[in-house]
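Listing of coords_10.json, JSON, C-alpha atoms and all ligand atoms
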[["chain", "number", "residue", "atom", "x", "y", "z"],
["A", 1, "MET", "CA", -17.54, 47.01, 43.35],
["A", 2, "LYS", "CA", -20.73, 44.98, 43.16],
["A", 3, "LYS", "CA", -20.92, 45.70, 39.40],
["A", 4, "ILE", "CA", -17.35, 44.48, 38.83],
["A", 5, "HIS", "CA", -18.11, 41.31, 40.78],
["A", 6, "GLY", "CA", -21.13, 40.65, 38.51],
["A", 7, "MET", "CA", -19.04, 41.16, 35.37],
["A", 8, "THR", "CA", -16.43, 38.76, 36.69],
["A", 9, "ARG", "CA", -19.15, 36.13, 37.16],
["A", 10, "ILE", "CA", -20.34, 36.64, 33.59],
["A", 11, "PHE", "CA", -16.76, 36.44, 32.33],
["A", 12, "LEU", "CA", -16.13, 33.23, 34.26],
["A", 13, "ALA", "CA", -19.36, 31.68, 32.97],
["A", 14, "CYS", "CA", -18.44, 32.52, 29.35],
["A", 15, "ALA", "CA", -14.92, 31.19, 29.87],
["A", 16, "SER", "CA", -16.22, 27.89, 31.23],
["A", 17, "VAL", "CA", -18.66, 27.49, 28.32],
["A", 18, "LEU", "CA", -15.82, 28.17, 25.88],
["A", 19, "MET", "CA", -13.61, 25.69, 27.72],
["A", 20, "MET", "CA", -16.34, 23.03, 27.50],
["A", 21, "GLN", "CA", -16.74, 23.65, 23.78],
["A", 22, "LEU", "CA", -12.99, 23.44, 23.29],
["A", 23, "LEU", "CA", -12.81, 20.13, 25.14],
["A", 24, "MET", "CA", -15.72, 18.71, 23.12],
["A", 25, "ALA", "CA", -14.06, 19.82, 19.86],
["A", 26, "GLN", "CA", -10.82, 18.20, 21.00],
["A", 27, "ASP", "CA", -12.71, 14.96, 21.75],
["A", 28, "THR", "CA", -14.29, 14.94, 18.28],
["A", 29, "ALA", "CA", -10.93, 15.66, 16.63],
["A", 30, "LYS", "CA", -9.34, 12.92, 18.73],
["A", 31, "LEU", "CA", -12.01, 10.40, 17.68],
["A", 32, "GLN", "CA", -11.70, 11.38, 14.04],
["A", 33, "SER", "CA", -7.93, 11.06, 14.06],
["A", 34, "CYS", "CA", -8.49, 7.72, 15.86],
["A", 35, "GLU", "CA", -10.53, 6.60, 12.86],
["A", 36, "SER", "CA", -7.65, 7.28, 10.48],
["A", 37, "VAL", "CA", -5.16, 5.82, 12.94],
["A", 38, "ILE", "CA", -6.99, 2.47, 12.99],
["A", 39, "LYS", "CA", -6.06, 2.19, 9.30],
["A", 40, "GLU", "CA", -2.36, 2.51, 10.13],
["A", 41, "TYR", "CA", -1.68, -1.18, 10.66],
["A", 42, "PRO", "CA", -3.49, -2.54, 7.57],
["A", 43, "VAL", "CA", -1.90, 0.16, 5.38],
["A", 44, "LEU", "CA", 1.54, -0.69, 6.79],
["A", 45, "TRP", "CA", 0.77, -4.35, 6.15],
["A", 46, "GLN", "CA", -0.07, -3.65, 2.52],
["A", 47, "GLN", "CA", 3.03, -1.49, 2.03],
["A", 48, "GLN", "CA", 5.63, -3.15, 4.21],
["A", 49, "ALA", "CA", 4.72, -6.79, 4.82],
["A", 50, "ALA", "CA", 6.38, -9.24, 2.44],
["A", 51, "GLU", "CA", 3.57, -11.58, 3.50],
["A", 52, "TYR", "CA", 1.06, -9.33, 1.71],
["A", 53, "ARG", "CA", 3.23, -9.48, -1.42],
["A", 54, "ALA", "CA", 3.48, -13.28, -1.15],
["A", 55, "LEU", "CA", -0.32, -13.56, -0.88],
["A", 56, "CYS", "CA", -0.75, -11.50, -4.05],
["A", 57, "TYR", "CA", 1.74, -13.66, -5.94],
["A", 58, "GLN", "CA", -0.07, -16.71, -4.61],
["A", 59, "ALA", "CA", -3.41, -15.44, -5.93],
["A", 60, "PHE", "CA", -2.04, -14.67, -9.40],
["A", 61, "ASN", "CA", -0.06, -17.93, -9.56],
["A", 62, "ILE", "CA", -3.28, -19.85, -8.87],
["A", 63, "ALA", "CA", -5.10, -17.71, -11.45],
["A", 64, "LEU", "CA", -2.46, -18.54, -14.06],
["A", 65, "LEU", "CA", -2.63, -22.23, -13.22],
["A", 66, "ARG", "CA", -6.41, -22.16, -13.71],
["A", 67, "ILE", "CA", -6.33, -20.51, -17.10],
["A", 68, "SER", "CA", -3.58, -22.89, -18.25],
["A", 69, "GLN", "CA", -6.03, -25.72, -17.47],
["A", 70, "ILE", "CA", -8.61, -24.42, -19.98],
["A", 71, "PRO", "CA", -8.75, -26.89, -22.90],
["A", 72, "LYS", "CA", -7.35, -25.52, -26.18],
["A", 73, "GLU", "CA", -10.60, -26.41, -27.94],
["A", 74, "LYS", "CA", -12.43, -23.87, -25.81],
["A", 75, "PHE", "CA", -10.24, -21.05, -27.10],
["A", 76, "LYS", "CA", -11.13, -22.02, -30.66],
["A", 77, "LYS", "CA", -14.87, -22.32, -30.11],
["A", 78, "GLU", "CA", -15.63, -19.54, -27.63],
["A", 79, "ARG", "CA", -14.83, -15.94, -26.83],
["A", 80, "LEU", "CA", -13.29, -16.07, -23.37],
["A", 81, "ALA", "CA", -13.02, -13.21, -20.90],
["A", 82, "ILE", "CA", -11.75, -12.36, -17.44],
["A", 83, "ILE", "CA", -13.57, -9.79, -15.34],
["A", 84, "THR", "CA", -11.41, -8.00, -12.83],
["A", 85, "ASP", "CA", -11.90, -5.30, -10.26],
["A", 86, "LEU", "CA", -9.26, -2.55, -10.16],
["A", 87, "ASP", "CA", -8.70, -1.05, -6.71],
["A", 88, "GLU", "CA", -6.69, -3.30, -4.41],
["A", 89, "THR", "CA", -7.04, -6.09, -6.98],
["A", 90, "ILE", "CA", -4.90, -4.69, -9.79],
["A", 91, "LEU", "CA", -4.14, -1.16, -8.54],
["A", 92, "ASP", "CA", -2.45, -0.41, -5.22],
["A", 93, "ASN", "CA", -3.98, 2.73, -3.67],
["A", 94, "SER", "CA", -2.40, 2.40, -0.24],
["A", 95, "TYR", "CA", -0.58, 5.72, -0.83],
["A", 96, "SER", "CA", -3.87, 7.57, -0.66],
["A", 97, "GLU", "CA", -4.75, 5.98, 2.70],
["A", 98, "ALA", "CA", -1.23, 6.57, 4.02],
["A", 99, "GLN", "CA", -1.42, 10.24, 3.07],
["A", 100, "LEU", "CA", -4.72, 10.62, 4.94],
["A", 101, "ILE", "CA", -3.21, 9.06, 8.07],
["A", 102, "LYS", "CA", -0.19, 11.35, 7.88],
["A", 103, "GLU", "CA", -2.42, 14.40, 7.55],
["A", 104, "GLY", "CA", -4.94, 13.19, 10.17],
["A", 105, "LYS", "CA", -7.73, 13.42, 7.59],
["A", 106, "GLN", "CA", -10.71, 11.26, 6.74],
["A", 107, "HIS", "CA", -11.40, 9.62, 3.40],
["A", 108, "SER", "CA", -13.71, 11.76, 1.24],
["A", 109, "ALA", "CA", -14.87, 11.95, -2.38],
["A", 110, "GLN", "CA", -12.55, 14.94, -2.77],
["A", 111, "SER", "CA", -9.50, 13.20, -1.31],
["A", 112, "TRP", "CA", -10.16, 10.15, -3.52],
["A", 113, "LYS", "CA", -10.49, 12.33, -6.64],
["A", 114, "GLY", "CA", -7.25, 14.11, -5.72],
["A", 115, "TRP", "CA", -5.53, 10.72, -5.66],
["A", 116, "THR", "CA", -7.07, 9.15, -8.80],
["A", 117, "ASP", "CA", -6.40, 12.32, -10.83],
["A", 118, "LYS", "CA", -2.70, 11.67, -10.31],
["A", 119, "SER", "CA", -2.92, 8.35, -12.25],
["A", 120, "ALA", "CA", -0.16, 7.22, -9.92],
["A", 121, "ALA", "CA", -1.35, 3.91, -8.48],
["A", 122, "THR", "CA", 1.21, 1.14, -8.69],
["A", 123, "ALA", "CA", 0.32, -2.41, -9.64],
["A", 124, "VAL", "CA", -0.59, -5.09, -7.11],
["A", 125, "PRO", "CA", 2.33, -7.58, -7.21],
["A", 126, "GLY", "CA", 1.84, -10.15, -9.96],
["A", 127, "ALA", "CA", -1.21, -8.44, -11.50],
["A", 128, "VAL", "CA", 0.37, -7.05, -14.68],
["A", 129, "GLU", "CA", 2.24, -10.25, -15.54],
["A", 130, "PHE", "CA", -0.87, -12.36, -15.04],
["A", 131, "LEU", "CA", -3.19, -10.18, -17.12],
["A", 132, "GLN", "CA", -0.62, -9.85, -19.90],
["A", 133, "MET", "CA", -0.24, -13.63, -19.97],
["A", 134, "ALA", "CA", -4.01, -14.17, -20.05],
["A", 135, "ARG", "CA", -4.37, -11.69, -22.93],
["A", 136, "LYS", "CA", -1.58, -13.44, -24.82],
["A", 137, "LYS", "CA", -3.50, -16.68, -24.51],
["A", 138, "GLY", "CA", -6.47, -14.99, -26.17],
["A", 139, "ILE", "CA", -8.61, -14.07, -23.17],
["A", 140, "ALA", "CA", -10.20, -10.58, -23.22],
["A", 141, "ILE", "CA", -9.85, -8.51, -20.04],
["A", 142, "PHE", "CA", -12.68, -6.35, -18.68],
["A", 143, "TYR", "CA", -12.15, -3.91, -15.82],
["A", 144, "ILE", "CA", -15.32, -3.52, -13.76],
["A", 145, "SER", "CA", -14.69, -0.86, -11.14],
["A", 146, "ASN", "CA", -16.74, 1.30, -8.82],
["A", 147, "ARG", "CA", -14.57, 4.26, -9.62],
["A", 148, "ASP", "CA", -16.82, 6.97, -10.99],
["A", 149, "THR", "CA", -17.23, 7.15, -14.79],
["A", 150, "ALA", "CA", -15.74, 10.67, -14.59],
["A", 151, "SER", "CA", -12.45, 9.06, -13.55],
["A", 152, "VAL", "CA", -12.20, 6.84, -16.65],
["A", 153, "PRO", "CA", -9.68, 9.17, -18.41],
["A", 154, "SER", "CA", -7.30, 9.45, -15.42],
["A", 155, "THR", "CA", -7.60, 5.71, -14.73],
["A", 156, "LEU", "CA", -6.94, 4.88, -18.38],
["A", 157, "ILE", "CA", -3.67, 6.84, -18.17],
["A", 158, "ASN", "CA", -2.79, 4.83, -15.07],
["A", 159, "LEU", "CA", -3.61, 1.48, -16.76],
["A", 160, "LYS", "CA", -1.52, 2.40, -19.80],
["A", 161, "LYS", "CA", 1.41, 3.49, -17.60],
["A", 162, "LEU", "CA", 1.36, 0.03, -16.03],
["A", 163, "LYS", "CA", 1.13, -1.66, -19.46],
["A", 164, "LEU", "CA", -2.08, -3.45, -18.55],
["A", 165, "PRO", "CA", -3.73, -5.27, -21.48],
["A", 166, "ASP", "CA", -7.03, -4.13, -23.01],
["A", 167, "ALA", "CA", -6.53, -0.66, -21.53],
["A", 168, "ALA", "CA", -9.34, 1.00, -23.47],
["A", 169, "GLU", "CA", -12.61, 2.70, -22.54],
["A", 170, "THR", "CA", -14.62, -0.13, -24.11],
["A", 171, "HIS", "CA", -13.07, -2.50, -21.58],
["A", 172, "MET", "CA", -13.69, -0.26, -18.56],
["A", 173, "LEU", "CA", -17.13, -0.52, -16.98],
["A", 174, "PHE", "CA", -17.18, 2.07, -14.22],
["A", 175, "LEU", "CA", -19.82, 3.21, -11.73],
["A", 176, "SER", "CA", -22.66, 5.17, -13.31],
["A", 177, "ASN", "CA", -25.95, 4.63, -11.50],
["A", 178, "THR", "CA", -25.59, 1.64, -9.20],
["A", 179, "SER", "CA", -22.73, 0.33, -7.09],
["A", 180, "SER", "CA", -23.87, -3.22, -7.82],
["A", 181, "LYS", "CA", -21.61, -4.71, -10.45],
["A", 182, "GLU", "CA", -24.13, -7.37, -11.52],
["A", 183, "ALA", "CA", -25.60, -5.51, -14.52],
["A", 184, "ARG", "CA", -22.11, -4.72, -15.79],
["A", 185, "ARG", "CA", -21.04, -8.35, -15.36],
["A", 186, "GLN", "CA", -24.11, -9.41, -17.35],
["A", 187, "LEU", "CA", -23.14, -7.05, -20.18],
["A", 188, "VAL", "CA", -19.81, -8.84, -20.53],
["A", 189, "MET", "CA", -21.40, -12.28, -20.12],
["A", 190, "LYS", "CA", -23.76, -11.60, -23.04],
["A", 191, "LYS", "CA", -20.81, -11.63, -25.42],
["A", 192, "TYR", "CA", -18.21, -13.70, -23.63],
["A", 193, "ASN", "CA", -17.76, -16.84, -21.63],
["A", 194, "VAL", "CA", -16.35, -15.38, -18.40],
["A", 195, "VAL", "CA", -13.83, -17.91, -17.17],
["A", 196, "MET", "CA", -12.60, -16.00, -14.13],
["A", 197, "LEU", "CA", -13.40, -13.11, -11.83],
["A", 198, "LEU", "CA", -10.85, -11.32, -9.65],
["A", 199, "GLY", "CA", -11.54, -8.99, -6.74],
["A", 200, "ASP", "CA", -10.70, -7.92, -3.20],
["A", 201, "ASN", "CA", -14.37, -7.55, -2.27],
["A", 202, "LEU", "CA", -16.99, -10.31, -2.37],
["A", 203, "ASN", "CA", -19.29, -7.97, -4.28],
["A", 204, "ASP", "CA", -16.81, -8.28, -7.15],
["A", 205, "PHE", "CA", -17.95, -11.87, -7.66],
["A", 206, "MET", "CA", -21.68, -12.35, -7.12],
["A", 207, "ARG", "CA", -24.77, -10.33, -6.27],
["A", 208, "VAL", "CA", -25.62, -12.64, -3.35],
["A", 209, "PHE", "CA", -23.06, -10.94, -1.12],
["A", 210, "GLU", "CA", -24.45, -7.44, -1.49],
["A", 211, "GLN", "CA", -25.77, -5.65, 1.60],
["A", 212, "LYS", "CA", -25.70, -8.85, 3.64],
["A", 213, "PRO", "CA", -25.04, -9.00, 7.37],
["A", 214, "ILE", "CA", -21.81, -10.67, 8.46],
["A", 215, "THR", "CA", -23.29, -14.12, 9.18],
["A", 216, "GLU", "CA", -24.94, -14.25, 5.75],
["A", 217, "ARG", "CA", -21.70, -13.18, 4.07],
["A", 218, "PHE", "CA", -20.08, -16.17, 5.75],
["A", 219, "GLY", "CA", -22.97, -18.43, 4.68],
["A", 220, "GLU", "CA", -22.82, -17.35, 1.04],
["A", 221, "THR", "CA", -19.02, -17.73, 1.04],
["A", 222, "ASN", "CA", -19.39, -21.30, 2.30],
["A", 223, "LYS", "CA", -22.00, -22.14, -0.36],
["A", 224, "VAL", "CA", -19.51, -21.50, -3.15],
["A", 225, "LYS", "CA", -16.40, -22.64, -1.29],
["A", 226, "ASN", "CA", -15.13, -24.71, -4.23],
["A", 227, "GLU", "CA", -14.98, -21.65, -6.47],
["A", 228, "TRP", "CA", -12.36, -19.76, -4.42],
["A", 229, "GLY", "CA", -9.03, -20.27, -6.13],
["A", 230, "LYS", "CA", -10.86, -21.64, -9.18],
["A", 231, "LYS", "CA", -13.22, -19.29, -10.97],
["A", 232, "PHE", "CA", -13.01, -16.71, -8.16],
["A", 233, "ILE", "CA", -9.58, -15.27, -7.28],
["A", 234, "VAL", "CA", -9.49, -13.11, -4.15],
["A", 235, "LEU", "CA", -6.84, -10.53, -3.32],
["A", 236, "PRO", "CA", -6.18, -9.41, 0.27],
["A", 237, "ASN", "CA", -7.44, -6.03, 1.48],
["A", 238, "ALA", "CA", -7.51, -5.45, 5.22],
["A", 239, "THR", "CA", -7.82, -1.65, 4.92],
["A", 240, "TYR", "CA", -11.34, -1.21, 3.55],
["A", 241, "GLY", "CA", -14.12, -2.97, 1.73],
["A", 242, "GLU", "CA", -17.60, -4.33, 2.12],
["A", 243, "TRP", "CA", -16.46, -6.34, 5.16],
["A", 244, "GLU", "CA", -15.95, -2.99, 6.89],
["A", 245, "ASN", "CA", -19.42, -1.72, 5.91],
["A", 246, "ALA", "CA", -20.89, -4.97, 7.25],
["A", 247, "ILE", "CA", -19.25, -4.30, 10.64],
["A", 248, "TYR", "CA", -21.22, -1.05, 10.77],
["A", 249, "ASP", "CA", -24.42, -2.82, 9.58],
["A", 250, "TYR", "CA", -24.17, -0.64, 6.44],
["A", 251, "GLY", "CA", -25.05, 2.42, 8.55],
["A", 252, "ARG", "CA", -24.13, 5.61, 6.73],
["A", 253, "ASN", "CA", -24.44, 8.55, 9.08],
["A", 254, "LEU", "CA", -22.89, 7.05, 12.18],
["A", 255, "THR", "CA", -20.83, 9.17, 14.53],
["A", 256, "ALA", "CA", -17.23, 8.25, 15.30],
["A", 257, "ASP", "CA", -18.45, 7.20, 18.77],
["A", 258, "GLN", "CA", -21.11, 4.89, 17.35],
["A", 259, "ARG", "CA", -18.62, 3.34, 14.95],
["A", 260, "ALA", "CA", -16.16, 2.73, 17.77],
["A", 261, "GLU", "CA", -18.90, 1.08, 19.82],
["A", 262, "MET", "CA", -19.95, -1.17, 16.92],
["A", 263, "ARG", "CA", -16.37, -2.26, 16.32],
["A", 264, "ARG", "CA", -16.00, -3.13, 19.98],
["A", 265, "GLU", "CA", -19.29, -5.09, 19.96],
["A", 266, "LYS", "CA", -18.09, -7.21, 17.04],
["A", 267, "LEU", "CA", -14.86, -8.26, 18.76],
["A", 268, "LYS", "CA", -15.09, -11.82, 20.00],
["A", 269, "GLY", "CA", -13.45, -12.47, 23.35],
["A", 270, "TYR", "CA", -13.55, -15.65, 25.44],
["A", 271, "ALA", "CA", -17.20, -15.10, 26.30],
["A", 272, "GLU", "CA", -18.22, -14.97, 22.64],
["A", 273, "LEU", "CA", -15.96, -17.84, 21.57],
["A", 274, "ASN", "CA", -18.75, -20.23, 20.63],
["A", 275, "LYS", "CA", -21.36, -17.74, 19.47],
["B", 1, "MG", "MG", -11.45, -3.33, -5.08]]
Would it be possible to restate this file's structure as structure tokens?
Ligand SMILES: [Mg+2]
Amino acid sequence: MKKIHGMTRIFLACASVLMMQLLMAQDTAKLQSCESVIKEYPVLWQQQAAEYRALCYQAFNIALLRISQIPKEKFKKERLAIITDLDETILDNSYSEAQLIKEGKQHSAQSWKGWTDKSAATAVPGAVEFLQMARKKGIAIFYISNRDTASVPSTLINLKKLKLPDAAETHMLFLSNTSSKEARRQLVMKKYNVVMLLGDNLNDFMRVFEQKPITERFGETNKVKNEWGKKFIVLPNATYGEWENAIYDYGRNLTADQRAEMRREKLKGYAELNK
């Protein structure tokens, strides 16, 4: 009898440890699915808000206005170029994010490759028409993207499907050794007068924004405030980007808990109104 009682105690102890582990695993899963769920609103905004579409048209209308203001003489004397980012500037990848939310999964190199291999991104509203028009005017288009160089072939298929101009490997400068786009911009600038840059991320425009804390990103944005809507054309992206990395102070191996805490810290309520 005594022996049975002892075994029961062992069994109960094991069961409670297992229960604890189960609860902890559930918590982690809950937090992880929370992380994909926080993307639900911005992804819905990109896919379902006509306001997002209007903002994109607005950006490309301004871009077209700016290139129509370039004096004809300049076209005769110089080789002109536009540098543009691809993801969420020209290509709409919201389907990849939406799929992750539906499946309760996190973004990963593998999930991204699975998406880009499909060559199925649609165009950001107004992007194709604008770039075709710019090419017609005699401006060369260069696609500087932080997609991996291994994804050049699948991306090229995607660009051709969308009838984007200058869809050729020589016009696609993808990520090889550094995420900074500065060296690749310089390569284009050696041969061309770059009249415009387009992007959804401040790092698509100038090196000064790279790895900067939030307040400095604001400061650098203010310093060149006359360039927005002129030489620099920004597309909206509320789902991801360097702004998001800045919220996490560029921390890489943060837990879901730590990330949640950092997001909460950055929210400004009444008390932080004037800080
Ligand atoms: Mg982008």
Contacts with ligand MG 1 (chain B) at most 8 Å, all atoms listed in the file counted, listed as number ranges by chain: A: 85-89, 145-146, 199-201, 204, 241
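For the set A:Glu210, A:Glu97, A:Glu129, A:Glu244, the residue with the smallest atom-to-atom gap to Leu64 in chain A is A:Glu129, counting all atoms listed in the file.
The list of residues with at least one atom within 7 Å of Leu80 in chain A, based on all atoms listed in the file and without residues fewer than 5 positions apart in the same chain, reads Phe75, Ile139, Ala140, Tyr192, Asn193, Val194 and Val195 of chain A.
The two atoms in question, CA of Val43 in chain A and CA of Lys212 in chain A, are spaced 25.5 Å apart.
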Counting all atoms listed in the file, the residue of A:Gly269, A:Ser180, A:Lys190, A:Lys137 that sits nearest Lys76 in chain A: A:Lys137
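Of the residues under consideration (A:Lys266, A:Arg217, A:Lys230, A:Lys191), A:Arg217 shows the shortest atom-to-atom contact distance to Glu242 in chain A when counting all atoms listed in the file.
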Spatial neighbours of Asp166 in chain A, max dist 10 Å, all atoms listed in the file, sep filter under 2 positions, as an MDAnalysis selection string: chainID A and resid 131:132 135 140:143 159:160 163:164 168:172
Sort by chain and increasing residue number a table of all residues of range 147-214 of chain A within 10 Å of range 249-261 of chain A, each with its closest pair of atoms and their distance in Å to one decimal, counting all atoms listed in the file, and write it as a tab-separated table.
residue	atom	partner	partner_atom	distance
A:Gln211	CA	A:Tyr250	CA	7.1
A:Lys212	CA	A:Asp249	CA	8.6
A:Pro213	CA	A:Asp249	CA	6.6
A:Ile214	CA	A:Asp249	CA	8.3
I need the residues from that last selection saved to file as a short mmCIF file (atom, residue, chain, number, x, y, z; two decimals), keeping the file's coordinate frame (with C-alpha atoms), if you can.
data_model
loop_
_atom_site.label_atom_id
_atom_site.label_comp_id
_atom_site.auth_asym_id
_atom_site.auth_seq_id
_atom_site.Cartn_x
_atom_site.Cartn_y
_atom_site.Cartn_z
CA GLN A 211 -25.77 -5.65 1.60
CA LYS A 212 -25.70 -8.85 3.64
CA PRO A 213 -25.04 -9.00 7.37
CA ILE A 214 -21.81 -10.67 8.46
#
Provide the CA of Arg66 in chain A to CA of Met206 in chain A distance in Å, to one decimal place. 19.3 Å
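Minimum atom-to-atom distances from A:Leu44, A:Leu162, A:Cys56, A:Ile38 to Tyr95 in chain A were compared using all atoms listed in the file, and the lowest value belongs to A:Leu44.
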For CA of Gln58 in chain A and CA of Thr239 in chain A, determine how far apart the two atoms are, in Å to one decimal place. 19.4 Å
Under the rule that only C-alpha atoms are counted, which of A:Gln110, A:Thr215, A:Thr149, A:Thr221 is the nearest residue to Ser176 in chain A?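 Looking only at the distances to Ser176 in chain A, the closest residue turns out to be A:Thr149.
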Could you tell me which of A:Ser108, A:Thr84, A:Gln47, A:Gln69 comes closest to Ile233 in chain A if we count only C-alpha atoms?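 Nearest to Ile233 in chain A: A:Thr84.
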Find the axis-aligned box for range 253-266 of chain A, covering all its listed atoms and adding 4 Å on each side, and write its centre and edge lengths in Å to one decimal as AutoDock Vina command-line options.
--center_x -20.2 --center_y 1.0 --center_z 14.5 --size_x 16.4 --size_y 24.4 --size_z 18.9
For C-alpha atoms, please extract range 132-192 of chain A from the block and return it as a compact mmCIF listing (two decimals), in the first residue's frame.
# COMPACT_ATOMS: atom_id res chain seq x y z
CA GLN A 132 7.46 52.57 -68.56
CA MET A 133 6.89 56.30 -69.06
CA ALA A 134 10.30 57.18 -67.60
CA ARG A 135 12.00 54.64 -69.88
CA LYS A 136 10.16 56.05 -72.88
CA LYS A 137 11.54 59.46 -72.04
CA GLY A 138 15.04 58.00 -72.18
CA ILE A 139 15.78 57.40 -68.49
CA ALA A 140 17.47 54.08 -67.62
CA ILE A 141 15.96 52.11 -64.73
CA PHE A 142 18.10 50.27 -62.16
CA TYR A 143 16.57 47.91 -59.61
CA ILE A 144 18.60 47.90 -56.39
CA SER A 145 17.11 45.29 -54.09
CA ASN A 146 18.13 43.42 -50.97
CA ARG A 147 16.71 40.24 -52.38
CA ASP A 148 19.51 37.70 -52.48
CA THR A 149 21.50 37.42 -55.74
CA ALA A 150 20.31 33.78 -55.92
CA SER A 151 16.79 35.12 -56.47
CA VAL A 152 17.72 37.18 -59.55
CA PRO A 153 16.34 34.56 -62.03
CA SER A 154 12.95 34.18 -60.29
CA THR A 155 12.67 37.95 -59.81
CA LEU A 156 13.56 38.57 -63.45
CA ILE A 157 10.65 36.33 -64.49
CA ASN A 158 8.41 38.36 -62.19
CA LEU A 159 9.62 41.70 -63.63
CA LYS A 160 9.09 40.47 -67.18
CA LYS A 161 5.59 39.20 -66.34
CA LEU A 162 4.73 42.70 -65.15
CA LYS A 163 6.27 44.28 -68.28
CA LEU A 164 8.66 46.40 -66.26
CA PRO A 165 11.26 48.25 -68.35
CA ASP A 166 14.97 47.37 -68.28
CA ALA A 167 14.13 43.93 -66.89
CA ALA A 168 17.60 42.47 -67.35
CA GLU A 169 20.29 41.11 -65.02
CA THR A 170 22.57 44.06 -65.81
CA HIS A 171 19.94 46.37 -64.34
CA MET A 172 19.38 44.31 -61.18
CA LEU A 173 21.80 44.96 -58.34
CA PHE A 174 20.86 42.48 -55.62
CA LEU A 175 22.28 41.69 -52.18
CA SER A 176 25.64 39.96 -52.28
CA ASN A 177 27.82 40.87 -49.31
CA THR A 178 26.31 43.90 -47.60
CA SER A 179 22.74 45.01 -46.98
CA SER A 180 23.84 48.62 -47.43
CA LYS A 181 22.80 49.80 -50.86
CA GLU A 182 25.35 52.63 -50.97
CA ALA A 183 28.08 50.81 -52.94
CA ARG A 184 25.51 49.65 -55.49
CA ARG A 185 24.11 53.17 -55.81
CA GLN A 186 27.65 54.45 -56.42
CA LEU A 187 28.13 51.90 -59.21
CA VAL A 188 25.15 53.35 -61.05
CA MET A 189 26.17 56.93 -60.26
CA LYS A 190 29.59 56.38 -61.87
CA LYS A 191 27.92 56.03 -65.26
CA TYR A 192 24.67 57.92 -64.88
